[in-house]
file protein28.pdb (PDB, C-alpha atoms)
ATOM      1  CA  MET A   1      -7.128 -10.838 -23.614
ATOM      2  CA  ASN A   2      -6.981 -14.552 -22.976
ATOM      3  CA  ASP A   3     -10.242 -16.162 -21.736
ATOM      4  CA  GLN A   4      -8.321 -18.681 -19.648
ATOM      5  CA  PRO A   5      -8.133 -18.076 -15.897
ATOM      6  CA  ILE A   6      -4.873 -16.586 -14.662
ATOM      7  CA  GLU A   7      -3.318 -18.406 -11.725
ATOM      8  CA  ILE A   8      -0.600 -17.178  -9.376
ATOM      9  CA  THR A   9       1.031 -18.618  -6.277
ATOM     10  CA  TYR A  10       3.156 -16.608  -3.886
ATOM     11  CA  GLU A  11       4.502 -16.293  -0.377
ATOM     12  CA  HIS A  12       3.637 -13.146   1.541
ATOM     13  CA  VAL A  13       6.605 -10.821   2.062
ATOM     14  CA  LEU A  14       6.693  -7.955   4.538
ATOM     15  CA  ALA A  15       8.312  -5.639   1.960
ATOM     16  CA  ASP A  16       5.255  -6.023  -0.307
ATOM     17  CA  HIS A  17       2.908  -5.029   2.497
ATOM     18  CA  LEU A  18       5.037  -2.036   3.488
ATOM     19  CA  ALA A  19       5.127  -0.927  -0.170
ATOM     20  CA  ALA A  20       1.354  -1.397  -0.340
ATOM     21  CA  ASP A  21       0.896   0.791   2.741
ATOM     22  CA  ARG A  22       3.024   3.549   1.153
ATOM     23  CA  LEU A  23       1.128   3.285  -2.137
ATOM     24  CA  TYR A  24      -2.230   3.507  -0.372
ATOM     25  CA  TYR A  25      -1.034   6.425   1.799
ATOM     26  CA  ARG A  26       0.003   8.382  -1.313
ATOM     27  CA  SER A  27      -3.489   7.951  -2.740
ATOM     28  CA  THR A  28      -5.102   9.666   0.265
ATOM     29  CA  LEU A  29      -5.617  13.273   1.261
ATOM     30  CA  PHE A  30      -3.350  12.704   4.292
ATOM     31  CA  TRP A  31      -0.323  12.636   1.995
ATOM     32  CA  LYS A  32      -1.012  16.222   0.886
ATOM     33  CA  LEU A  33      -2.018  17.296   4.389
ATOM     34  CA  ASP A  34       1.279  15.965   5.792
ATOM     35  CA  LYS A  35       3.171  18.109   3.278
ATOM     36  CA  VAL A  36       1.260  21.209   4.423
ATOM     37  CA  VAL A  37       1.952  20.381   8.086
ATOM     38  CA  ALA A  38       5.663  19.968   7.278
ATOM     39  CA  LEU A  39       5.753  23.407   5.644
ATOM     40  CA  VAL A  40       3.954  24.951   8.636
ATOM     41  CA  LEU A  41       6.503  23.362  10.988
ATOM     42  CA  LEU A  42       9.334  24.688   8.822
ATOM     43  CA  CYS A  43       7.861  28.199   8.914
ATOM     44  CA  LEU A  44       7.369  27.938  12.679
ATOM     45  CA  GLY A  45      11.013  26.983  13.115
ATOM     46  CA  ALA A  46      12.130  29.888  10.915
ATOM     47  CA  TYR A  47       9.945  32.341  12.811
ATOM     48  CA  LEU A  48      11.088  31.144  16.242
ATOM     49  CA  THR A  49      14.742  31.191  15.207
ATOM     50  CA  TYR A  50      14.323  34.742  13.870
ATOM     51  CA  ALA A  51      12.340  35.962  16.898
ATOM     52  CA  ALA A  52      14.202  34.226  19.735
ATOM     53  CA  GLY A  53      17.549  33.397  18.192
ATOM     54  CA  VAL A  54      19.279  30.076  17.892
ATOM     55  CA  ARG A  55      17.911  28.005  20.741
ATOM     56  CA  TRP A  56      17.270  24.257  20.934
ATOM     57  CA  TRP A  57      13.494  24.796  21.071
ATOM     58  CA  SER A  58      13.554  26.988  17.978
ATOM     59  CA  LEU A  59      15.777  24.611  15.982
ATOM     60  CA  ILE A  60      13.930  21.408  16.874
ATOM     61  CA  TRP A  61      11.153  22.300  14.402
ATOM     62  CA  PHE A  62      13.454  21.862  11.384
ATOM     63  CA  PRO A  63      14.191  18.141  11.822
ATOM     64  CA  ILE A  64      10.559  17.554  12.828
ATOM     65  CA  ALA A  65       9.445  19.261   9.590
ATOM     66  CA  ILE A  66      11.805  17.070   7.549
ATOM     67  CA  ALA A  67      10.605  13.937   9.323
ATOM     68  CA  GLU A  68       6.986  14.943   8.690
ATOM     69  CA  TRP A  69       7.708  15.653   5.007
ATOM     70  CA  PHE A  70       9.068  12.126   4.518
ATOM     71  CA  ASN A  71       6.346  10.552   6.704
ATOM     72  CA  LEU A  72       8.868   9.286   9.253
ATOM     73  CA  LEU A  73       6.626  10.139  12.202
ATOM     74  CA  SER A  74       3.837   7.781  11.108
ATOM     75  CA  ILE A  75       3.069   4.587  12.989
ATOM     76  CA  GLY A  76       1.682   3.060   9.770
ATOM     77  CA  PRO A  77       4.739   0.893   9.041
ATOM     78  CA  LEU A  78       4.696  -0.388  12.618
ATOM     79  CA  GLN A  79       1.014  -1.310  12.260
ATOM     80  CA  VAL A  80       1.764  -3.150   9.004
ATOM     81  CA  TRP A  81       4.662  -5.011  10.614
ATOM     82  CA  TYR A  82       2.512  -6.011  13.602
ATOM     83  CA  SER A  83      -0.355  -7.179  11.404
ATOM     84  CA  PHE A  84       2.021  -9.115   9.160
ATOM     85  CA  LYS A  85       3.793 -10.790  12.063
ATOM     86  CA  PHE A  86       0.698 -11.853  13.987
ATOM     87  CA  ASN A  87      -1.805 -12.645  11.217
ATOM     88  CA  PRO A  88      -1.634 -16.378  10.399
ATOM     89  CA  LYS A  89      -2.940 -15.709   6.883
ATOM     90  CA  PHE A  90       0.434 -14.207   5.967
ATOM     91  CA  ARG A  91       2.363 -17.341   6.957
ATOM     92  CA  GLU A  92       0.699 -19.475   4.280
ATOM     93  CA  SER A  93       1.255 -19.650   0.540
ATOM     94  CA  ALA A  94      -1.539 -18.045  -1.430
ATOM     95  CA  LEU A  95      -3.024 -19.452  -4.613
ATOM     96  CA  LEU A  96      -5.136 -16.961  -6.538
ATOM     97  CA  THR A  97      -7.096 -17.625  -9.696
ATOM     98  CA  PHE A  98      -8.467 -14.654 -11.635
ATOM     99  CA  ASP A  99     -11.230 -14.803 -14.224
ATOM    100  CA  GLU A 100     -14.044 -12.591 -15.522
ATOM    101  CA  SER A 101     -16.285 -13.364 -12.538
ATOM    102  CA  GLY A 102     -13.768 -12.619  -9.776
ATOM    103  CA  ILE A 103     -10.953 -14.026  -7.692
ATOM    104  CA  HIS A 104     -10.671 -17.470  -6.154
ATOM    105  CA  PHE A 105      -8.404 -17.138  -3.091
ATOM    106  CA  GLN A 106      -6.984 -20.233  -1.455
ATOM    107  CA  THR A 107      -4.494 -21.069   1.296
ATOM    108  CA  ASN A 108      -4.215 -24.167   3.486
ATOM    109  CA  SER A 109      -6.790 -22.727   5.891
ATOM    110  CA  ILE A 110      -8.818 -20.261   3.770
ATOM    111  CA  GLU A 111     -10.836 -20.638   0.612
ATOM    112  CA  SER A 112     -13.013 -17.867  -0.743
ATOM    113  CA  ARG A 113     -14.507 -16.484  -3.912
ATOM    114  CA  ILE A 114     -14.554 -12.697  -4.307
ATOM    115  CA  ARG A 115     -16.516 -10.968  -7.053
ATOM    116  CA  TRP A 116     -14.940  -8.004  -8.807
ATOM    117  CA  ASP A 117     -17.694  -5.625  -7.690
ATOM    118  CA  PHE A 118     -16.458  -6.080  -4.101
ATOM    119  CA  PHE A 119     -13.490  -3.838  -4.993
ATOM    120  CA  ASN A 120     -14.017  -0.119  -5.507
ATOM    121  CA  SER A 121     -10.647   1.009  -6.870
ATOM    122  CA  LEU A 122      -7.284  -0.127  -8.134
ATOM    123  CA  LEU A 123      -3.839   1.235  -7.283
ATOM    124  CA  GLU A 124      -0.636   0.110  -8.959
ATOM    125  CA  ASN A 125       3.087   0.707  -8.884
ATOM    126  CA  ASP A 126       6.101  -1.090 -10.394
ATOM    127  CA  THR A 127       5.940  -4.036  -7.991
ATOM    128  CA  LEU A 128       2.310  -4.601  -7.005
ATOM    129  CA  TYR A 129      -1.388  -4.061  -7.481
ATOM    130  CA  LEU A 130      -3.715  -2.978  -4.696
ATOM    131  CA  LEU A 131      -7.338  -3.983  -5.021
ATOM    132  CA  VAL A 132      -9.010  -1.515  -2.650
ATOM    133  CA  TYR A 133     -12.315  -2.409  -1.008
ATOM    134  CA  GLY A 134     -12.484   0.041   1.896
ATOM    135  CA  ARG A 135     -10.658   2.611   3.975
ATOM    136  CA  ARG A 136      -7.177   1.138   4.607
ATOM    137  CA  ALA A 137      -8.593  -2.172   3.364
ATOM    138  CA  TYR A 138      -7.041  -3.715   0.283
ATOM    139  CA  SER A 139      -5.706  -6.919  -1.220
ATOM    140  CA  VAL A 140      -2.053  -6.968  -2.224
ATOM    141  CA  ILE A 141      -1.225  -8.686  -5.522
ATOM    142  CA  PRO A 142       2.552  -8.764  -6.087
ATOM    143  CA  LYS A 143       3.626  -8.580  -9.714
ATOM    144  CA  ARG A 144       6.506 -10.955  -8.968
ATOM    145  CA  ALA A 145       3.935 -13.767  -8.590
ATOM    146  CA  PHE A 146       3.031 -13.830 -12.281
ATOM    147  CA  LYS A 147       4.912 -16.587 -14.085
ATOM    148  CA  THR A 148       5.070 -14.892 -17.473
ATOM    149  CA  LYS A 149       4.864 -11.395 -18.881
ATOM    150  CA  THR A 150       1.780 -12.538 -20.796
ATOM    151  CA  ASP A 151       0.010 -13.504 -17.559
ATOM    152  CA  LEU A 152       0.841 -10.100 -16.109
ATOM    153  CA  THR A 153      -0.421  -8.309 -19.223
ATOM    154  CA  ASP A 154      -3.608 -10.400 -19.278
ATOM    155  CA  PHE A 155      -4.214  -9.693 -15.593
ATOM    156  CA  ASP A 156      -3.628  -5.977 -16.141
ATOM    157  CA  LYS A 157      -6.213  -5.922 -18.958
ATOM    158  CA  LEU A 158      -8.676  -7.955 -16.900
ATOM    159  CA  VAL A 159      -8.409  -5.898 -13.745
ATOM    160  CA  HIS A 160      -8.650  -2.582 -15.626
ATOM    161  CA  SER A 161     -11.774  -3.803 -17.420
ATOM    162  CA  VAL A 162     -13.607  -4.926 -14.263
ATOM    163  CA  ILE A 163     -12.643  -2.289 -11.661
TER     164      ILE A 163
END

call {"tool": "encode", "arguments": {"input": "protein28.pdb", "output": "structure tokens"}}
result
Amino acid sequence: MNDQPIEITYEHVLADHLAADRLYYRSTLFWKLDKVVALVLLCLGAYLTYAAGVRWWSLIWFPIAIAEWFNLLSIGPLQVWYSFKFNPKFRESALLTFDESGIHFQTNSIESRIRWDFFNSLLENDTLYLLVYGRRAYSVIPKRAFKTKTDLTDFDKLVHSVI
């Protein structure tokens, strides 16, 4: 791993924050619980259709079960959209510098230094990293912000060694 600090600059994009919300949701117990609820709704619909026949109130449980399975009934994406739209932090370019001691975060109006021990877990997918520091509290680091593959690899090694 390179001992030089890794620096990225990026603009916040709503799609990154929606993807981060989905990634975080899949890491929670609610994801599994929602699957169980969907199966219960499916069984309820099957039972009601069998017991009462084909009626609108017995069939309505099938599309609700499908919507629950795919998490389409959640207000999470709406909350992310609202937060993204009305939080001024997301309208500014972010400059982040990573080194062994932590993260230096800077925008036109914010400057902070965050130590690695502030974060308690790391989540990752193909497009982003989530540095989790609390319940539904995380920092989104988009992989698209890294200038080179080497920077991305160095960051990956660094973040896996400190979190």

call {"tool": "axis_aligned_box", "arguments": {"input": "protein28.pdb", "around": "range 41-50 of chain A", "padding_each_side": "8 Å", "output": "lines of an AutoDock Vina configuration file"}}
result
center_x = 10.6
center_y = 29.1
center_z = 12.5
size_x = 24.2
size_y = 27.4
size_z = 23.4

call {"tool": "resolve_selection", "arguments": {"input": "protein28.pdb", "expression": "the PyMOL selection byres ((chain A and resi 65) around 8)", "output": "number ranges by chain"}}
result
A: 37-42, 61-64, 66-69

call {"tool": "write_last_selection", "arguments": {"input": "protein28.pdb", "atoms": "C-alpha atoms", "output": "compact mmCIF listing (two decimals), in the frame of the given file"}}
result
# COMPACT_ATOMS: atom_id res chain seq x y z
CA VAL A 37 1.95 20.38 8.09
CA ALA A 38 5.66 19.97 7.28
CA LEU A 39 5.75 23.41 5.64
CA VAL A 40 3.95 24.95 8.64
CA LEU A 41 6.50 23.36 10.99
CA LEU A 42 9.33 24.69 8.82
CA TRP A 61 11.15 22.30 14.40
CA PHE A 62 13.45 21.86 11.38
CA PRO A 63 14.19 18.14 11.82
CA ILE A 64 10.56 17.55 12.83
CA ILE A 66 11.80 17.07 7.55
CA ALA A 67 10.60 13.94 9.32
CA GLU A 68 6.99 14.94 8.69
CA TRP A 69 7.71 15.65 5.01

call {"tool": "atom_distance", "arguments": {"input": "protein28.pdb", "atom1": "CA of Ser161 in chain A", "atom2": "CA of Phe90 in chain A"}}
result
28.4 Å

call {"tool": "closest_atom_pairs", "arguments": {"input": "protein28.pdb", "of": "range 45-157 of chain A", "to": "range 22-29 of chain A", "cutoff": "8 Å", "atoms": "all atoms listed in the file", "output": "tab-separated table"}}
result
residue	atom	partner	partner_atom	distance
A:Leu123	CA	A:Leu23	CA	7.4
A:Glu124	CA	A:Leu23	CA	7.7
A:Asn125	CA	A:Leu23	CA	7.5
A:Leu130	CA	A:Tyr24	CA	7.9
A:Arg136	CA	A:Tyr24	CA	7.4

call {"tool": "closest_residue", "arguments": {"input": "protein28.pdb", "among": "A:Trp81, A:Phe98, A:Tyr138, A:Tyr133", "to": "Asp156 in chain A", "atoms": "only C-alpha atoms"}}
result
A:Phe98

call {"tool": "resolve_selection", "arguments": {"input": "protein28.pdb", "expression": "the PyMOL selection byres ((chain A and resi 15) around 12)", "output": "count of residues only"}}
result
19

call {"tool": "build_atoms", "arguments": {"input": "protein28.pdb", "residues": "range 61-94 of chain A", "atoms": "N, CA and C atoms", "output": "short mmCIF file (atom, residue, chain, number, x, y, z; two decimals), keeping the file's coordinate frame"}}
result
data_model
loop_
_atom_site.label_atom_id
_atom_site.label_comp_id
_atom_site.auth_asym_id
_atom_site.auth_seq_id
_atom_site.Cartn_x
_atom_site.Cartn_y
_atom_site.Cartn_z
N TRP A 61 12.23 22.36 15.39
CA TRP A 61 11.15 22.30 14.40
C TRP A 61 11.65 21.94 13.01
N PHE A 62 12.92 22.19 12.72
CA PHE A 62 13.45 21.86 11.38
C PHE A 62 13.56 20.35 11.16
N PRO A 63 14.18 19.59 12.05
CA PRO A 63 14.19 18.14 11.82
C PRO A 63 12.79 17.51 11.92
N ILE A 64 11.93 18.08 12.75
CA ILE A 64 10.56 17.55 12.83
C ILE A 64 9.85 17.79 11.50
N ALA A 65 10.06 18.96 10.90
CA ALA A 65 9.44 19.26 9.59
C ALA A 65 9.95 18.29 8.52
N ILE A 66 11.25 18.02 8.53
CA ILE A 66 11.80 17.07 7.55
C ILE A 66 11.24 15.67 7.77
N ALA A 67 11.16 15.26 9.02
CA ALA A 67 10.60 13.94 9.32
C ALA A 67 9.14 13.86 8.89
N GLU A 68 8.40 14.92 9.10
CA GLU A 68 6.99 14.94 8.69
C GLU A 68 6.86 14.92 7.17
N TRP A 69 7.74 15.62 6.47
CA TRP A 69 7.71 15.65 5.01
C TRP A 69 7.88 14.25 4.42
N PHE A 70 8.79 13.48 5.01
CA PHE A 70 9.07 12.13 4.52
C PHE A 70 8.26 11.04 5.24
N ASN A 71 7.26 11.47 6.01
CA ASN A 71 6.35 10.55 6.70
C ASN A 71 7.08 9.61 7.67
N LEU A 72 8.10 10.10 8.32
CA LEU A 72 8.87 9.29 9.25
C LEU A 72 8.26 9.26 10.66
N LEU A 73 7.26 10.09 10.89
CA LEU A 73 6.63 10.14 12.20
C LEU A 73 5.39 9.25 12.27
N SER A 74 5.04 8.61 11.18
CA SER A 74 3.84 7.78 11.11
C SER A 74 4.06 6.43 11.79
N ILE A 75 2.99 5.93 12.42
CA ILE A 75 3.07 4.59 12.99
C ILE A 75 2.55 3.54 12.00
N GLY A 76 2.20 3.97 10.79
CA GLY A 76 1.68 3.06 9.77
C GLY A 76 2.57 1.86 9.51
N PRO A 77 3.88 2.05 9.27
CA PRO A 77 4.74 0.89 9.04
C PRO A 77 4.79 -0.07 10.23
N LEU A 78 4.72 0.47 11.43
CA LEU A 78 4.70 -0.39 12.62
C LEU A 78 3.41 -1.20 12.67
N GLN A 79 2.29 -0.60 12.30
CA GLN A 79 1.01 -1.31 12.26
C GLN A 79 1.05 -2.42 11.21
N VAL A 80 1.64 -2.14 10.06
CA VAL A 80 1.76 -3.15 9.00
C VAL A 80 2.64 -4.30 9.49
N TRP A 81 3.76 -3.97 10.10
CA TRP A 81 4.66 -5.01 10.61
C TRP A 81 3.94 -5.89 11.64
N TYR A 82 3.22 -5.27 12.56
CA TYR A 82 2.51 -6.01 13.60
C TYR A 82 1.46 -6.93 12.99
N SER A 83 0.68 -6.38 12.07
CA SER A 83 -0.36 -7.18 11.40
C SER A 83 0.26 -8.34 10.63
N PHE A 84 1.35 -8.07 9.94
CA PHE A 84 2.02 -9.12 9.16
C PHE A 84 2.57 -10.21 10.07
N LYS A 85 3.17 -9.83 11.16
CA LYS A 85 3.79 -10.79 12.06
C LYS A 85 2.78 -11.67 12.78
N PHE A 86 1.63 -11.12 13.15
CA PHE A 86 0.70 -11.85 13.99
C PHE A 86 -0.56 -12.35 13.26
N ASN A 87 -0.67 -12.13 11.96
CA ASN A 87 -1.80 -12.64 11.22
C ASN A 87 -1.41 -13.96 10.56
N PRO A 88 -2.04 -15.07 10.94
CA PRO A 88 -1.63 -16.38 10.40
C PRO A 88 -1.83 -16.49 8.89
N LYS A 89 -2.71 -15.69 8.33
CA LYS A 89 -2.94 -15.71 6.88
C LYS A 89 -1.65 -15.43 6.10
N PHE A 90 -0.79 -14.60 6.67
CA PHE A 90 0.43 -14.21 5.97
C PHE A 90 1.56 -15.24 6.08
N ARG A 91 1.35 -16.29 6.83
CA ARG A 91 2.36 -17.34 6.96
C ARG A 91 2.12 -18.49 5.99
N GLU A 92 1.05 -18.41 5.21
CA GLU A 92 0.70 -19.48 4.28
C GLU A 92 0.88 -19.01 2.84
N SER A 93 1.21 -19.94 1.97
CA SER A 93 1.25 -19.65 0.54
C SER A 93 -0.15 -19.34 0.05
N ALA A 94 -0.24 -18.42 -0.87
CA ALA A 94 -1.54 -18.05 -1.43
C ALA A 94 -1.62 -18.49 -2.88
#
